[in-house]
$ cat coords_4.cif   # mmCIF, C-alpha atoms and all ligand atoms
data_final
#
loop_
_atom_site.label_atom_id
_atom_site.label_comp_id
_atom_site.auth_asym_id
_atom_site.auth_seq_id
_atom_site.Cartn_x
_atom_site.Cartn_y
_atom_site.Cartn_z
CA MET A 88 -249.70 -6.14 -135.39
CA PHE A 89 -252.49 -5.76 -137.92
CA ILE A 90 -255.43 -7.88 -137.00
CA LYS A 91 -258.30 -8.26 -139.33
CA LYS A 92 -260.84 -10.99 -139.88
CA MET A 93 -260.94 -12.08 -143.47
CA ARG A 94 -262.43 -15.06 -145.22
CA VAL A 95 -260.71 -16.56 -148.21
CA CYS A 96 -262.44 -15.36 -151.33
CA GLY A 97 -261.82 -14.04 -154.81
CA VAL A 98 -261.74 -10.45 -153.62
CA VAL A 99 -258.59 -11.12 -151.64
CA ALA A 100 -256.93 -12.46 -154.75
CA LEU A 101 -257.99 -9.29 -156.57
CA ILE A 102 -256.33 -7.08 -153.99
CA SER A 103 -253.10 -9.03 -154.17
CA ALA A 104 -253.13 -8.61 -157.94
CA VAL A 105 -253.16 -4.85 -157.91
CA CYS A 106 -250.63 -3.42 -160.31
CA PHE A 107 -251.35 0.20 -159.68
CA GLY A 108 -247.99 1.33 -160.97
CA CYS A 109 -248.74 0.01 -164.43
CA THR A 110 -249.96 3.13 -166.13
CA ALA A 111 -250.84 3.66 -169.75
CA ASP A 112 -250.06 7.02 -171.27
CA LYS A 113 -251.60 7.27 -174.70
CA GLN A 114 -254.77 5.37 -174.04
CA GLU A 115 -255.80 5.16 -177.69
CA HIS A 116 -253.08 2.58 -178.38
CA TYR A 117 -254.07 0.18 -175.64
CA SER A 118 -256.68 -2.52 -175.56
CA TYR A 119 -257.89 -4.02 -172.29
CA MET A 120 -259.47 -7.27 -171.18
CA THR A 121 -260.30 -8.60 -167.74
CA THR A 122 -261.46 -12.10 -166.96
CA PHE A 123 -261.81 -14.38 -163.97
CA ALA A 124 -260.19 -17.81 -163.99
CA MET A 125 -258.27 -20.04 -161.60
CA ASN A 126 -260.08 -18.29 -158.79
CA THR A 127 -258.40 -15.02 -159.53
CA ILE A 128 -258.65 -11.85 -161.60
CA ILE A 129 -256.70 -11.69 -164.84
CA SER A 130 -256.27 -8.34 -166.61
CA PHE A 131 -254.53 -7.56 -169.84
CA THR A 132 -253.34 -4.28 -171.33
CA ILE A 133 -251.83 -4.66 -174.77
CA ASP A 134 -250.53 -2.13 -177.22
CA MET A 135 -252.89 -2.76 -180.07
CA PRO A 136 -255.54 -0.48 -181.54
CA ASN A 137 -259.13 -1.25 -180.61
CA GLY A 138 -260.73 -3.60 -183.08
CA GLU A 139 -257.59 -5.61 -183.79
CA GLU A 140 -257.32 -7.19 -180.39
CA GLU A 141 -260.39 -9.41 -180.40
CA ILE A 142 -258.80 -12.58 -181.76
CA ILE A 143 -255.78 -12.19 -179.51
CA PHE A 144 -257.86 -11.78 -176.36
CA SER A 145 -260.13 -14.63 -177.33
CA ASP A 146 -257.11 -16.91 -177.90
CA ALA A 147 -255.54 -15.79 -174.63
CA GLU A 148 -258.73 -16.70 -172.81
CA LYS A 149 -258.76 -20.12 -174.50
CA ILE A 150 -255.17 -20.71 -173.39
CA ILE A 151 -256.09 -19.85 -169.81
CA ARG A 152 -259.19 -22.10 -169.81
CA GLY A 153 -257.10 -24.90 -171.28
CA TYR A 154 -254.63 -24.69 -168.42
CA GLU A 155 -257.35 -24.34 -165.84
CA ASN A 156 -258.95 -27.55 -167.12
CA MET A 157 -255.59 -29.28 -166.98
CA LEU A 158 -254.17 -28.05 -163.68
CA SER A 159 -256.92 -26.97 -161.31
CA VAL A 160 -257.45 -29.02 -158.15
CA ASN A 161 -261.15 -28.19 -158.40
CA VAL A 162 -261.92 -29.05 -162.02
CA GLU A 163 -263.06 -32.67 -162.27
CA ASP A 164 -260.98 -34.56 -164.82
CA SER A 165 -258.06 -32.14 -164.67
CA ASP A 166 -254.72 -33.95 -164.44
CA ILE A 167 -254.27 -32.70 -160.89
CA TYR A 168 -257.82 -33.66 -159.85
CA LYS A 169 -257.25 -37.18 -161.19
CA ILE A 170 -253.96 -37.56 -159.34
CA ASN A 171 -255.39 -36.22 -156.10
CA ASN A 172 -258.35 -38.59 -156.33
CA SER A 173 -256.38 -41.63 -157.45
CA ASP A 174 -256.35 -44.97 -155.67
CA LEU A 175 -253.19 -46.15 -153.99
CA GLY A 176 -250.96 -47.76 -156.61
CA GLU A 177 -252.86 -46.23 -159.51
CA LYS A 178 -250.73 -44.60 -162.20
CA ILE A 179 -252.35 -41.52 -163.71
CA SER A 180 -251.54 -40.45 -167.26
CA ILE A 181 -250.92 -36.76 -167.60
CA SER A 182 -250.31 -34.28 -170.42
CA ASP A 183 -246.83 -33.25 -171.54
CA LYS A 184 -247.42 -29.77 -170.12
CA THR A 185 -248.40 -31.09 -166.69
CA MET A 186 -245.29 -33.29 -166.77
CA GLU A 187 -243.15 -30.27 -167.64
CA ILE A 188 -244.55 -28.33 -164.68
CA LEU A 189 -244.10 -31.28 -162.31
CA LYS A 190 -240.46 -31.62 -163.34
CA VAL A 191 -239.84 -27.93 -162.67
CA ALA A 192 -241.60 -28.27 -159.30
CA GLU A 193 -239.44 -31.27 -158.43
CA GLU A 194 -236.26 -29.43 -159.42
CA PHE A 195 -237.14 -26.46 -157.20
CA GLU A 196 -238.07 -28.65 -154.27
CA ASP A 197 -234.43 -29.79 -154.41
CA LEU A 198 -232.97 -26.34 -155.03
CA THR A 199 -234.92 -24.79 -152.17
CA ASP A 200 -234.17 -27.62 -149.78
CA GLY A 201 -237.88 -28.46 -149.53
CA ASP A 202 -239.10 -24.96 -148.64
CA PHE A 203 -241.10 -25.16 -151.86
CA SER A 204 -243.06 -28.38 -152.21
CA ILE A 205 -246.18 -29.07 -154.24
CA SER A 206 -246.74 -32.06 -151.92
CA VAL A 207 -247.75 -29.53 -149.24
CA ALA A 208 -251.38 -29.81 -150.51
CA PRO A 209 -252.81 -31.95 -147.64
CA LEU A 210 -251.59 -29.30 -145.20
CA VAL A 211 -253.11 -26.48 -147.25
CA THR A 212 -256.41 -28.37 -147.10
CA LEU A 213 -256.05 -29.10 -143.37
CA TRP A 214 -255.61 -25.39 -142.71
CA GLY A 215 -258.76 -24.71 -144.74
CA PHE A 216 -257.15 -22.70 -147.52
CA THR A 217 -258.74 -24.70 -150.32
CA GLN A 218 -262.35 -23.98 -149.47
CA ASP A 219 -264.37 -20.94 -148.57
CA ILE A 220 -265.01 -22.06 -144.98
CA GLU A 221 -264.65 -20.66 -141.48
CA GLN A 222 -261.08 -21.58 -140.59
CA THR A 223 -259.58 -22.76 -137.33
CA VAL A 224 -256.10 -23.83 -136.27
CA PRO A 225 -255.77 -27.63 -136.66
CA SER A 226 -254.67 -29.77 -133.72
CA TYR A 227 -250.98 -30.55 -133.29
CA GLU A 228 -251.77 -34.26 -133.78
CA ASP A 229 -253.53 -33.62 -137.08
CA ILE A 230 -250.64 -31.51 -138.30
CA GLU A 231 -248.10 -34.20 -137.37
CA LYS A 232 -250.19 -36.89 -139.05
CA THR A 233 -250.64 -34.79 -142.20
CA LEU A 234 -246.91 -33.99 -142.34
CA GLU A 235 -246.30 -37.68 -143.07
CA LEU A 236 -248.09 -37.19 -146.38
CA VAL A 237 -245.89 -34.25 -147.40
CA ASP A 238 -242.88 -35.63 -149.20
CA MET A 239 -242.12 -35.62 -152.91
CA LYS A 240 -240.13 -38.84 -152.42
CA ASP A 241 -243.50 -40.55 -152.19
CA VAL A 242 -244.57 -39.15 -155.56
CA ILE A 243 -243.40 -41.23 -158.50
CA ILE A 244 -243.06 -39.10 -161.60
CA ASP A 245 -242.40 -41.32 -164.61
CA GLU A 246 -241.27 -39.13 -167.48
CA ASP A 247 -240.91 -41.99 -169.96
CA ASN A 248 -244.54 -43.03 -169.62
CA ASN A 249 -245.97 -39.62 -168.67
CA THR A 250 -247.52 -40.96 -165.48
CA ILE A 251 -247.63 -40.01 -161.84
CA GLU A 252 -248.38 -42.14 -158.80
CA PHE A 253 -248.66 -41.57 -155.06
CA LEU A 254 -247.11 -44.05 -152.65
CA LYS A 255 -249.25 -43.05 -149.67
CA ASP A 256 -252.98 -42.84 -149.27
CA GLY A 257 -254.22 -39.29 -148.72
CA MET A 258 -251.40 -37.57 -150.58
CA ALA A 259 -252.14 -34.66 -152.90
CA ILE A 260 -250.33 -32.01 -154.90
CA ASP A 261 -251.13 -28.36 -155.39
CA LEU A 262 -249.68 -26.17 -158.15
CA GLY A 263 -250.91 -22.95 -156.49
CA ALA A 264 -247.41 -21.53 -156.20
CA ILE A 265 -246.24 -22.33 -159.73
CA ALA A 266 -249.16 -22.61 -162.19
CA LYS A 267 -249.99 -18.91 -162.50
CA GLY A 268 -246.35 -18.07 -163.20
CA TYR A 269 -246.02 -20.86 -165.74
CA ILE A 270 -249.21 -19.76 -167.53
CA ALA A 271 -248.03 -16.12 -167.44
CA GLU A 272 -244.95 -17.16 -169.38
CA GLU A 273 -246.93 -19.22 -171.88
CA LEU A 274 -249.26 -16.26 -172.48
CA THR A 275 -246.33 -13.88 -172.87
CA ASN A 276 -244.89 -16.17 -175.53
CA TYR A 277 -248.27 -16.32 -177.24
CA PHE A 278 -248.53 -12.51 -177.27
CA ARG A 279 -245.03 -12.10 -178.68
CA ASP A 280 -245.67 -14.70 -181.38
CA SER A 281 -248.87 -12.83 -182.27
CA GLY A 282 -247.03 -9.56 -182.75
CA VAL A 283 -247.89 -7.91 -179.43
CA LEU A 284 -244.62 -6.31 -178.46
CA ASN A 285 -245.75 -3.92 -175.72
CA GLY A 286 -248.13 -4.41 -172.84
CA HIS A 287 -248.57 -6.02 -169.46
CA PHE A 288 -250.91 -8.35 -167.68
CA THR A 289 -251.50 -9.84 -164.27
CA ILE A 290 -252.73 -13.26 -163.27
CA GLY A 291 -253.55 -12.96 -159.60
CA GLY A 292 -250.46 -10.90 -158.85
CA ASN A 293 -248.16 -12.64 -161.33
CA ILE A 294 -247.27 -9.67 -163.52
CA SER A 295 -245.76 -9.95 -166.97
CA THR A 296 -244.36 -6.90 -168.72
CA MET A 297 -243.67 -6.78 -172.44
CA GLY A 298 -241.68 -4.07 -174.19
CA LEU A 299 -242.24 -0.43 -173.31
CA LYS A 300 -244.97 2.11 -172.77
CA ASN A 301 -246.07 4.30 -175.70
CA ASP A 302 -243.80 7.10 -174.51
CA GLY A 303 -240.80 4.79 -174.64
CA SER A 304 -240.39 4.43 -170.88
CA LYS A 305 -240.42 1.17 -168.92
CA TRP A 306 -243.45 -0.19 -167.06
CA LYS A 307 -243.71 0.91 -163.45
CA ILE A 308 -244.83 -1.70 -160.97
CA ALA A 309 -245.66 -0.79 -157.41
CA VAL A 310 -244.41 -3.08 -154.66
CA GLN A 311 -247.27 -3.19 -152.17
CA ASN A 312 -246.89 -2.23 -148.54
CA PRO A 313 -247.69 -5.55 -146.82
CA VAL A 314 -249.10 -3.67 -143.84
CA ASP A 315 -251.45 -1.55 -145.95
CA ILE A 316 -252.42 -2.97 -149.31
CA ASN A 317 -253.64 0.39 -150.61
CA ASP A 318 -250.15 1.72 -150.24
CA TYR A 319 -246.77 0.86 -151.73
CA VAL A 320 -243.15 0.98 -150.60
CA GLY A 321 -241.46 1.47 -153.94
CA LEU A 322 -241.60 1.27 -157.70
CA LEU A 323 -239.90 -1.16 -160.04
CA GLU A 324 -239.21 -0.08 -163.60
CA VAL A 325 -239.06 -3.10 -165.86
CA THR A 326 -239.36 -4.38 -169.38
CA ASP A 327 -239.77 -7.96 -170.58
CA LEU A 328 -239.68 -9.36 -167.05
CA PHE A 329 -242.03 -11.15 -164.68
CA VAL A 330 -242.70 -9.63 -161.29
CA VAL A 331 -244.36 -11.79 -158.65
CA THR A 332 -245.07 -11.07 -155.00
CA SER A 333 -245.90 -13.51 -152.21
CA GLY A 334 -246.81 -12.40 -148.74
CA GLY A 335 -248.60 -13.52 -145.64
CA TYR A 336 -250.96 -10.56 -146.00
CA GLN A 337 -252.57 -11.92 -149.14
CA ARG A 338 -254.72 -14.73 -147.67
CA TYR A 339 -255.06 -15.43 -143.98
CA PHE A 340 -257.34 -15.88 -141.02
CA THR A 341 -256.94 -14.72 -137.45
CA GLU A 342 -257.47 -16.76 -134.29
CA ASP A 343 -256.77 -15.57 -130.76
CA ASN A 344 -255.10 -12.49 -132.20
CA VAL A 345 -252.62 -14.58 -134.18
CA ARG A 346 -252.58 -14.42 -137.93
CA TYR A 347 -252.33 -17.65 -139.95
CA HIS A 348 -251.54 -17.24 -143.64
CA HIS A 349 -251.71 -19.52 -146.68
CA ILE A 350 -248.01 -20.18 -147.26
CA ILE A 351 -247.13 -23.30 -145.33
CA ASP A 352 -243.69 -24.39 -144.21
CA PRO A 353 -243.58 -28.00 -145.47
CA LYS A 354 -241.16 -28.89 -142.65
CA THR A 355 -243.21 -27.69 -139.70
CA GLY A 356 -246.74 -28.01 -141.10
CA TYR A 357 -247.56 -24.48 -139.88
CA PRO A 358 -247.80 -21.23 -141.85
CA SER A 359 -244.22 -20.14 -142.39
CA ASP A 360 -242.95 -17.94 -139.61
CA SER A 361 -239.98 -16.02 -140.94
CA ASP A 362 -238.98 -12.38 -140.61
CA LEU A 363 -240.40 -11.59 -144.06
CA LEU A 364 -243.73 -9.88 -144.70
CA SER A 365 -243.39 -10.18 -148.46
CA VAL A 366 -241.03 -11.21 -151.22
CA THR A 367 -241.13 -9.81 -154.75
CA ILE A 368 -239.22 -11.67 -157.43
CA ILE A 369 -238.12 -10.14 -160.73
CA SER A 370 -237.14 -12.72 -163.34
CA ASP A 371 -237.27 -13.53 -167.03
CA ASN A 372 -238.76 -16.91 -166.13
CA GLY A 373 -242.42 -16.81 -165.11
CA ALA A 374 -242.64 -20.16 -163.33
CA GLU A 375 -239.42 -19.55 -161.40
CA ALA A 376 -240.59 -16.09 -160.34
CA ASP A 377 -243.78 -17.63 -158.92
CA ILE A 378 -242.00 -20.51 -157.21
CA LEU A 379 -239.28 -18.36 -155.71
CA SER A 380 -241.65 -15.73 -154.33
CA THR A 381 -243.27 -18.47 -152.24
CA ALA A 382 -240.08 -20.40 -151.46
CA LEU A 383 -238.06 -17.37 -150.33
CA PHE A 384 -240.97 -16.16 -148.23
CA VAL A 385 -240.72 -19.48 -146.35
CA MET A 386 -236.90 -19.26 -146.15
CA GLY A 387 -236.70 -15.90 -144.43
CA LEU A 388 -234.29 -13.08 -145.24
CA ASP A 389 -230.87 -14.58 -144.45
CA LYS A 390 -231.41 -17.88 -146.22
CA SER A 391 -233.02 -16.04 -149.15
CA LEU A 392 -229.98 -13.79 -149.55
CA GLU A 393 -227.73 -16.86 -149.48
CA TYR A 394 -229.94 -18.48 -152.12
CA TRP A 395 -229.67 -15.35 -154.27
CA GLU A 396 -225.86 -15.24 -153.85
CA GLU A 397 -225.65 -18.83 -155.01
CA HIS A 398 -227.94 -18.48 -158.06
CA ARG A 399 -228.05 -14.82 -159.12
CA ASN A 400 -230.45 -15.52 -162.01
CA PHE A 401 -233.23 -13.35 -160.55
CA GLU A 402 -233.59 -10.21 -158.46
CA ALA A 403 -235.74 -9.61 -155.40
CA VAL A 404 -237.29 -7.05 -153.07
CA PHE A 405 -237.71 -8.27 -149.49
CA ILE A 406 -239.87 -6.54 -146.91
CA THR A 407 -239.51 -7.20 -143.19
CA GLU A 408 -241.40 -5.49 -140.38
CA ASP A 409 -239.29 -2.35 -140.72
CA GLU A 410 -236.97 -2.72 -143.68
CA VAL A 411 -236.97 -2.95 -147.45
CA ILE A 412 -233.99 -4.87 -148.79
CA VAL A 413 -233.21 -5.35 -152.47
CA THR A 414 -230.70 -7.54 -154.27
CA ASP A 415 -227.80 -5.83 -156.07
CA GLY A 416 -229.32 -6.09 -159.54
CA ALA A 417 -232.65 -4.70 -158.34
CA LYS A 418 -231.05 -1.51 -157.02
CA ALA A 419 -230.92 0.07 -160.48
CA ILE A 420 -234.59 -0.59 -161.19
CA PHE A 421 -236.15 0.07 -157.77
CA THR A 422 -237.11 3.44 -156.31
CA PHE A 423 -237.78 3.35 -152.59
CA GLU A 424 -240.87 5.27 -151.56
CA GLY A 425 -241.60 3.79 -148.16
CA GLN A 426 -240.23 6.61 -145.99
CA ASP A 427 -243.68 7.75 -144.93
CA ASN A 428 -244.66 4.22 -143.93
CA ASP A 429 -241.75 3.96 -141.48
CA PHE A 430 -239.81 1.49 -143.58
CA GLU A 431 -236.03 1.87 -143.75
CA TYR A 432 -234.29 1.17 -147.03
CA ARG A 433 -231.30 -1.08 -146.44
CA ASP A 434 -228.73 -0.17 -149.07
P1 LIG B 1 -250.82 -16.83 -154.37
O1 LIG B 1 -251.18 -18.08 -155.08
O2 LIG B 1 -251.80 -16.42 -153.34
O3 LIG B 1 -250.40 -15.75 -155.29
P2 LIG B 1 -248.27 -18.00 -153.78
O4 LIG B 1 -247.77 -17.91 -155.18
O5 LIG B 1 -247.30 -17.65 -152.72
O6 LIG B 1 -249.54 -17.13 -153.52
O7 LIG B 1 -248.75 -19.50 -153.58
C1 LIG B 1 -249.38 -19.90 -152.42
C2 LIG B 1 -250.16 -21.15 -152.69
O8 LIG B 1 -249.27 -22.23 -152.98
C3 LIG B 1 -250.97 -21.59 -151.49
O9 LIG B 1 -252.30 -21.12 -151.57
C4 LIG B 1 -250.90 -23.10 -151.58
O10 LIG B 1 -251.87 -23.56 -152.49
C5 LIG B 1 -249.54 -23.35 -152.17
N1 LIG B 1 -248.45 -23.43 -151.16
C6 LIG B 1 -248.47 -23.02 -149.86
N2 LIG B 1 -247.28 -23.22 -149.27
C7 LIG B 1 -246.47 -23.77 -150.22
C8 LIG B 1 -245.11 -24.23 -150.22
N3 LIG B 1 -244.33 -24.13 -149.15
N4 LIG B 1 -244.64 -24.77 -151.37
C9 LIG B 1 -245.42 -24.86 -152.48
N5 LIG B 1 -246.69 -24.46 -152.54
C10 LIG B 1 -247.22 -23.91 -151.43
MG MG B 2 -245.66 -17.91 -155.81
#

$ encode --input "coords_4.cif" --output "structure tokens" --more "lines below"
Ligand code: ADP
Ligand code: MG
Amino acid sequence: MFIKKMRVCGVVALISAVCFGCTADKQEHYSYMTTFAMNTIISFTIDMPNGEEEIIFSDAEKIIRGYENMLSVNVEDSDIYKINNSDLGEKISISDKTMEILKVAEEFEDLTDGDFSISVAPLVTLWGFTQDIEQTVPSYEDIEKTLELVDMKDVIIDEDNNTIEFLKDGMAIDLGAIAKGYIAEELTNYFRDSGVLNGHFTIGGNISTMGLKNDGSKWKIAVQNPVDINDYVGLLEVTDLFVVTSGGYQRYFTEDNVRYHHIIDPKTGYPSDSDLLSVTIISDNGAEADILSTALFVMGLDKSLEYWEEHRNFEAVFITEDEVIVTDGAKAIFTFEGQDNDFEYRD
């Protein structure tokens, strides 16, 4: 296996955000902006002549900052910071948007049978994925103890009064696997409403594509090779869709030659240990694409395919140690190019 020592930092997020298949043909039509927020790189390419894009980019940045101030676990006074630092029994008032996201998170906890859970936060912290620190594997006892705090049944979400309350001391929530996708969709809506019909952007690997390239073709998005992030196993051709990838190769540390990544199985308390190296979701819903990339990565291939059979409102590309598997609807938009990397394409 691939063993590499890596500390959690912004650079890792940058690598996972690479969209090297998104190419612009007639450069004069495109305007670009890159910024750093939510601990990740955000880059925009929109079809708008230089000079006319300033207000749009400045508004987009304001939207992002607004969400960061509302949702970040690290920003003091954000809704999530207040909840995570609340006293037992204290009801915290939250914004309508935060409530909307929490309701979606709750719905998907149910749909995914708990493989996705924002209540996983205390475990993410225990494993050291919230700070830039030297990480070690926690003790079994600490994991068992922390698991008791991971249960959305102990989170009271009161929609009528827009409040949230924890029933156990030490609980926390983490929107790391949903917020970027939700914000990507909000930004896409903002761009469309502002007359931007063509372009693409990425928020830490959550890619949104709008319309077409100048030459009339669809946007090409490379699906990274999880074993070699400078390489890819295939290309997706999409328009007006979100494409999100989750994988154990994106953030991890290594101890005793074992790799421990940042996606935690809320049932075991350990980094998920399925047969999947990465999951790419293609969907017209940004938040769902983000959620499902994480949730299906935890589920593993068989359960993920069952989930897809049951829902069929998204498409996916799964990568295991030696195979690339795509859902039926993704076959028409995916070109396999992983032959040289020893991947087999399962048709
Ligand atoms: P990234 O944010 O690196 O793009 P993901 O979208 O897969 O990757 O989200 C992973 C993040 O979500 C973790 O860093 C952690 O904060 C949180 N998380 C980890 N495991 C889960 C889980 N099973 N359910 C919900 N959130 C999770
Ligand atoms: Mg995700």

$ closest_atom_pairs --input "coords_4.cif" --of "chain A" --to "ligand LIG 1 (chain B)" --cutoff "7 Å" --atoms "only C-alpha atoms and all ligand atoms" --output "tab-separated table"
residue	atom	partner	partner_atom	distance
A:Ala100	CA	B:LIG1	O2	6.6
A:Asp202	CA	B:LIG1	N3	5.3
A:Phe203	CA	B:LIG1	N4	3.6
A:Ser204	CA	B:LIG1	N4	4.0
A:Ile205	CA	B:LIG1	C9	4.6
A:Val207	CA	B:LIG1	C7	6.0
A:Ala208	CA	B:LIG1	O10	6.6
A:Val211	CA	B:LIG1	C4	5.9
A:Phe216	CA	B:LIG1	O9	6.5
A:Asp261	CA	B:LIG1	O10	5.7
A:Leu262	CA	B:LIG1	O8	6.5
A:Gly263	CA	B:LIG1	O8	3.9
A:Ala264	CA	B:LIG1	O7	3.6
A:Ile265	CA	B:LIG1	O4	6.5
A:Gly291	CA	B:LIG1	O3	6.0
A:Gly292	CA	B:LIG1	O3	6.0
A:Ser333	CA	B:LIG1	O5	4.4
A:Gly334	CA	B:LIG1	O5	6.6
A:Gln337	CA	B:LIG1	O2	6.2
A:Arg338	CA	B:LIG1	O2	6.6
A:His349	CA	B:LIG1	O9	5.2
A:Ile350	CA	B:LIG1	N2	3.7
A:Ile351	CA	B:LIG1	N2	3.9
A:Asp352	CA	B:LIG1	N3	5.0
A:Pro353	CA	B:LIG1	N3	5.4
A:Asp377	CA	B:LIG1	O4	5.5
A:Ile378	CA	B:LIG1	O4	6.6
A:Ser380	CA	B:LIG1	O5	6.2
A:Thr381	CA	B:LIG1	O5	4.1
A:Ala382	CA	B:LIG1	N3	6.1
A:Val385	CA	B:LIG1	N3	6.5

$ residues_around --input "coords_4.cif" --residues "range 233-248 of chain A" --least-positions-apart "3" --cutoff "10 Å" --atoms "only C-alpha atoms" --output "PDB file with C-alpha atoms, keeping the file's coordinate frame"
ATOM      1  CA  LYS A 178    -250.730 -44.600-162.200  1.00  0.00           C
ATOM      2  CA  ILE A 179    -252.350 -41.520-163.710  1.00  0.00           C
ATOM      3  CA  SER A 180    -251.540 -40.450-167.260  1.00  0.00           C
ATOM      4  CA  ILE A 181    -250.920 -36.760-167.600  1.00  0.00           C
ATOM      5  CA  ASP A 183    -246.830 -33.250-171.540  1.00  0.00           C
ATOM      6  CA  MET A 186    -245.290 -33.290-166.770  1.00  0.00           C
ATOM      7  CA  GLU A 187    -243.150 -30.270-167.640  1.00  0.00           C
ATOM      8  CA  LEU A 189    -244.100 -31.280-162.310  1.00  0.00           C
ATOM      9  CA  LYS A 190    -240.460 -31.620-163.340  1.00  0.00           C
ATOM     10  CA  ALA A 192    -241.600 -28.270-159.300  1.00  0.00           C
ATOM     11  CA  GLU A 193    -239.440 -31.270-158.430  1.00  0.00           C
ATOM     12  CA  GLU A 196    -238.070 -28.650-154.270  1.00  0.00           C
ATOM     13  CA  ASP A 197    -234.430 -29.790-154.410  1.00  0.00           C
ATOM     14  CA  GLY A 201    -237.880 -28.460-149.530  1.00  0.00           C
ATOM     15  CA  SER A 204    -243.060 -28.380-152.210  1.00  0.00           C
ATOM     16  CA  ILE A 205    -246.180 -29.070-154.240  1.00  0.00           C
ATOM     17  CA  SER A 206    -246.740 -32.060-151.920  1.00  0.00           C
ATOM     18  CA  VAL A 207    -247.750 -29.530-149.240  1.00  0.00           C
ATOM     19  CA  ALA A 208    -251.380 -29.810-150.510  1.00  0.00           C
ATOM     20  CA  PRO A 209    -252.810 -31.950-147.640  1.00  0.00           C
ATOM     21  CA  LEU A 210    -251.590 -29.300-145.200  1.00  0.00           C
ATOM     22  CA  THR A 212    -256.410 -28.370-147.100  1.00  0.00           C
ATOM     23  CA  LEU A 213    -256.050 -29.100-143.370  1.00  0.00           C
ATOM     24  CA  TYR A 227    -250.980 -30.550-133.290  1.00  0.00           C
ATOM     25  CA  GLU A 228    -251.770 -34.260-133.780  1.00  0.00           C
ATOM     26  CA  ASP A 229    -253.530 -33.620-137.080  1.00  0.00           C
ATOM     27  CA  ILE A 230    -250.640 -31.510-138.300  1.00  0.00           C
ATOM     28  CA  ILE A 251    -247.630 -40.010-161.840  1.00  0.00           C
ATOM     29  CA  GLU A 252    -248.380 -42.140-158.800  1.00  0.00           C
ATOM     30  CA  PHE A 253    -248.660 -41.570-155.060  1.00  0.00           C
ATOM     31  CA  LEU A 254    -247.110 -44.050-152.650  1.00  0.00           C
ATOM     32  CA  LYS A 255    -249.250 -43.050-149.670  1.00  0.00           C
ATOM     33  CA  ASP A 256    -252.980 -42.840-149.270  1.00  0.00           C
ATOM     34  CA  GLY A 257    -254.220 -39.290-148.720  1.00  0.00           C
ATOM     35  CA  MET A 258    -251.400 -37.570-150.580  1.00  0.00           C
ATOM     36  CA  ALA A 259    -252.140 -34.660-152.900  1.00  0.00           C
ATOM     37  CA  ILE A 260    -250.330 -32.010-154.900  1.00  0.00           C
ATOM     38  CA  PRO A 353    -243.580 -28.000-145.470  1.00  0.00           C
ATOM     39  CA  LYS A 354    -241.160 -28.890-142.650  1.00  0.00           C
ATOM     40  CA  THR A 355    -243.210 -27.690-139.700  1.00  0.00           C
ATOM     41  CA  GLY A 356    -246.740 -28.010-141.100  1.00  0.00           C
ATOM     42  CA  TYR A 357    -247.560 -24.480-139.880  1.00  0.00           C
TER      43      TYR A 357
END

$ closest_residue --input "coords_4.cif" --among "A:Leu322, A:Val224, A:Leu328, A:Met135" --to "Lys418 in chain A" --atoms "only C-alpha atoms"
A:Leu322

$ atom_distance --input "coords_4.cif" --atom1 "CA of Leu323 in chain A" --atom2 "CA of Thr199 in chain A"
25.4 Å

$ atom_distance --input "coords_4.cif" --atom1 "CA of Phe329 in chain A" --atom2 "CA of Gly373 in chain A"
5.7 Å

$ residues_around --input "coords_4.cif" --residues "range 121-125 of chain A" --least-positions-apart "3" --cutoff "10 Å" --atoms "all atoms listed in the file" --output "number ranges by chain"
A: 97, 101, 128-132, 144, 148, 151-152, 154-156, 158-162, 263, 266-267, 288-291

$ write_last_selection --input "coords_4.cif" --atoms "C-alpha atoms" --output "mmCIF file, in the frame of the given file"
data_model
loop_
_atom_site.group_PDB
_atom_site.id
_atom_site.type_symbol
_atom_site.label_atom_id
_atom_site.label_comp_id
_atom_site.auth_asym_id
_atom_site.auth_seq_id
_atom_site.Cartn_x
_atom_site.Cartn_y
_atom_site.Cartn_z
ATOM 1 C CA GLY A 97 -261.820 -14.040 -154.810
ATOM 2 C CA LEU A 101 -257.990 -9.290 -156.570
ATOM 3 C CA ILE A 128 -258.650 -11.850 -161.600
ATOM 4 C CA ILE A 129 -256.700 -11.690 -164.840
ATOM 5 C CA SER A 130 -256.270 -8.340 -166.610
ATOM 6 C CA PHE A 131 -254.530 -7.560 -169.840
ATOM 7 C CA THR A 132 -253.340 -4.280 -171.330
ATOM 8 C CA PHE A 144 -257.860 -11.780 -176.360
ATOM 9 C CA GLU A 148 -258.730 -16.700 -172.810
ATOM 10 C CA ILE A 151 -256.090 -19.850 -169.810
ATOM 11 C CA ARG A 152 -259.190 -22.100 -169.810
ATOM 12 C CA TYR A 154 -254.630 -24.690 -168.420
ATOM 13 C CA GLU A 155 -257.350 -24.340 -165.840
ATOM 14 C CA ASN A 156 -258.950 -27.550 -167.120
ATOM 15 C CA LEU A 158 -254.170 -28.050 -163.680
ATOM 16 C CA SER A 159 -256.920 -26.970 -161.310
ATOM 17 C CA VAL A 160 -257.450 -29.020 -158.150
ATOM 18 C CA ASN A 161 -261.150 -28.190 -158.400
ATOM 19 C CA VAL A 162 -261.920 -29.050 -162.020
ATOM 20 C CA GLY A 263 -250.910 -22.950 -156.490
ATOM 21 C CA ALA A 266 -249.160 -22.610 -162.190
ATOM 22 C CA LYS A 267 -249.990 -18.910 -162.500
ATOM 23 C CA PHE A 288 -250.910 -8.350 -167.680
ATOM 24 C CA THR A 289 -251.500 -9.840 -164.270
ATOM 25 C CA ILE A 290 -252.730 -13.260 -163.270
ATOM 26 C CA GLY A 291 -253.550 -12.960 -159.600
#
